[in-house]
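Comments concern the structure below.
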Amino acid sequence: MAKVLLDNIETGMELNSDVIDRQGRVLLKAGVILTEKHLRIFNTWGILEVDIKGDISQEDAKKEYPPELIEEANQIAQIHFQHTDLNHPVIKSLFENWQTRYMDSKV
Amino acid sequence: MARSAEHIIKSTTQVASLPTIYIKIDEALNSANCSTQYLVDILGEDTALSARLLRLANSAMFNFPNKIDSVSQAITIIGTQQLRALVLASSVMKLFKDIPEDLINMEMFWRHSIACAVSARVIASLRRAANIEYFFLAGLLHDIGRLIMFKEIPNEISQALKQASETKQLLFKVEKELLGYDHSKLGGMLLKEWKLPPQLIESTAYHHNPQRSSDFKDEVAVVHAADIIANSMQLGSSGERLVPTLDSQAWQRIGLPDAIINTIINELQKQYDIAVEFVLGSDNSDELESGAA
């Protein structure tokens, strides 16, 4: 099972648990195989992520960077983010995004 | 002896009152029966602004097939909510345009404000909030207190910038340490003097301390997070060089899944350049200014 953001959901995926909207209403039952129509419904009802059966990796294949560059990006990012809690998932994503953009600008 | 925040706001409002053109446009847009012609008449007082609207409506951003040659058509295309943001932004920009370059690069300042504005609007739309353009305005204005500092107490803020950079402290904390108040307090006070809507006042006053908000906790939390996203991505800068601390309770209050941050980053990157063009105009704006008045 995996929580998958709407952006990454494809038709044919199977729901692992019920999809519930903000008011607690059940929109779709666990076990449903998703179709285009369901994706449109999620959009309309403001569903941002759903629980999908199986092991789905949300990360694209990581690009290969030279180890020195990774180290350099990490050191500068550590300074930039020194007043934040790097264990917070949101900060972690921002940190990784900063690192990737820094490395992409150098290669 | 440092000047008090109250004293600074008093002298700021004496020279920098909110332009009547914004007050009129805001009143007109808030009234139930406002005709486009009435908006055109108000905008007619500011030929440069009318010219910008025309240029904007004809820009690639709106991609309209025919040439737009009247301000009323331009308003229809741009939309009344965006018109409010544009008039406010251009009014505030005019008030604070003579700040010396060695203190702050104004383009970089506005770029940071725009990045925060776009992030706030993206978060608000993901939360299905009403009035998402207000979040854009809130982002544009959140650091206005810095502009007051650059204008009124240039020596003190320049010392704060130096100290923050040497000690790697967050700038708003150094401001507080040196002066007893920070830019968010000044900004909130100015917007209050200007009688702007309370959610704009609170999101400016508490964007570094979201827990202190009383009536608009959601709005403040959104601007708080948006500011951190804008700083972390280094899109422009209002003087701060480091990423401020995220208040995890404020993020929780926003109520979006953690992984949504990647969607926010992607949307911000998609919308940022367009928003910069919208608020700041293109580089060659001055030479076009005379043609459409």
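If you're wondering about the labels, chains in the structure tokens are A, B, ... by order shown, residues count from 1 in each chain, ligands from 1 in order shown.
Excluding Lys97 of chain B itself and same-chain residues fewer than 5 positions from it, the residues having an atom within 10 Å of it are B:Val92, B:Met106, B:Leu147, B:Lys151, counting only C-alpha atoms.
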Could you take the residues named above and write them with C-alpha atoms, as a compact mmCIF listing (two decimals), in the first residue's frame?
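Now in selection-v8.txt:
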# COMPACT_ATOMS: atom_id res chain seq x y z
CA VAL B 92 2.79 50.24 -3.18
CA MET B 106 13.91 46.35 -5.44
CA LEU B 147 10.34 48.62 2.83
CA LYS B 151 12.97 54.03 3.87
Residues of chain B at most 7 Å from chain A: nearest atom pair and distance in Å, only C-alpha atoms, as a tab-separated table:
residue	atom	partner	partner_atom	distance
B:Ser232	CA	A:Leu94	CA	6.7
B:Met233	CA	A:Trp98	CA	6.4
B:Leu242	CA	A:His80	CA	5.0
B:Val243	CA	A:Phe81	CA	5.4
B:Pro244	CA	A:His83	CA	6.2
B:Thr245	CA	A:Thr84	CA	4.7
B:Leu246	CA	A:Thr84	CA	6.5
B:Asp258	CA	A:Val90	CA	5.8
B:Ile261	CA	A:Val90	CA	6.2
Checklist entry - Please, which residues of chain A, numbered as in this document, come out alpha helix (DSSP H) from DSSP, as a PyMOL selection string? => result chain A and resi 36-45+67-80+89-106
Checklist entry - Which polymer residues have any atom within 8 Å of an atom of Gly12 of chain A, counting only C-alpha atoms, with same-chain residues fewer than 6 positions away left out, as a VMD selection string? => result chain A and resid 33 to 35
Can you write out the residues you just picked, keeping C-alpha atoms, as a PDB file, in the first residue's frame?
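And here's part21.pdb as it stands now:
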ATOM      1  CA  ILE A  33      -9.857  -0.155 -10.169  1.00  0.00           C
ATOM      2  CA  LEU A  34      -9.409   3.497 -11.133  1.00  0.00           C
ATOM      3  CA  THR A  35     -10.636   4.805 -14.498  1.00  0.00           C
TER       4      THR A  35
END
Next on the checklist: I'd like the contact shell of Gly54 of chain A - 12 Å cut-off, only C-alpha atoms, skipping same-chain residues fewer than 6 positions apart - returned as a list in words.
Outcome noted: Met1, Ala2, Lys3, Val4, Gly12, Met13, Glu14, Leu15, Asn16, Ser17 and Gly31 of chain A
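Note that atom CA of Ala120 of chain B and atom CA of Val222 of chain B are 5.8 Å apart.
Shortest atom-to-atom contact with Ile254 of chain B among B:Leu126, B:Leu191, B:Met149, B:Leu29: B:Leu126, counting only C-alpha atoms.
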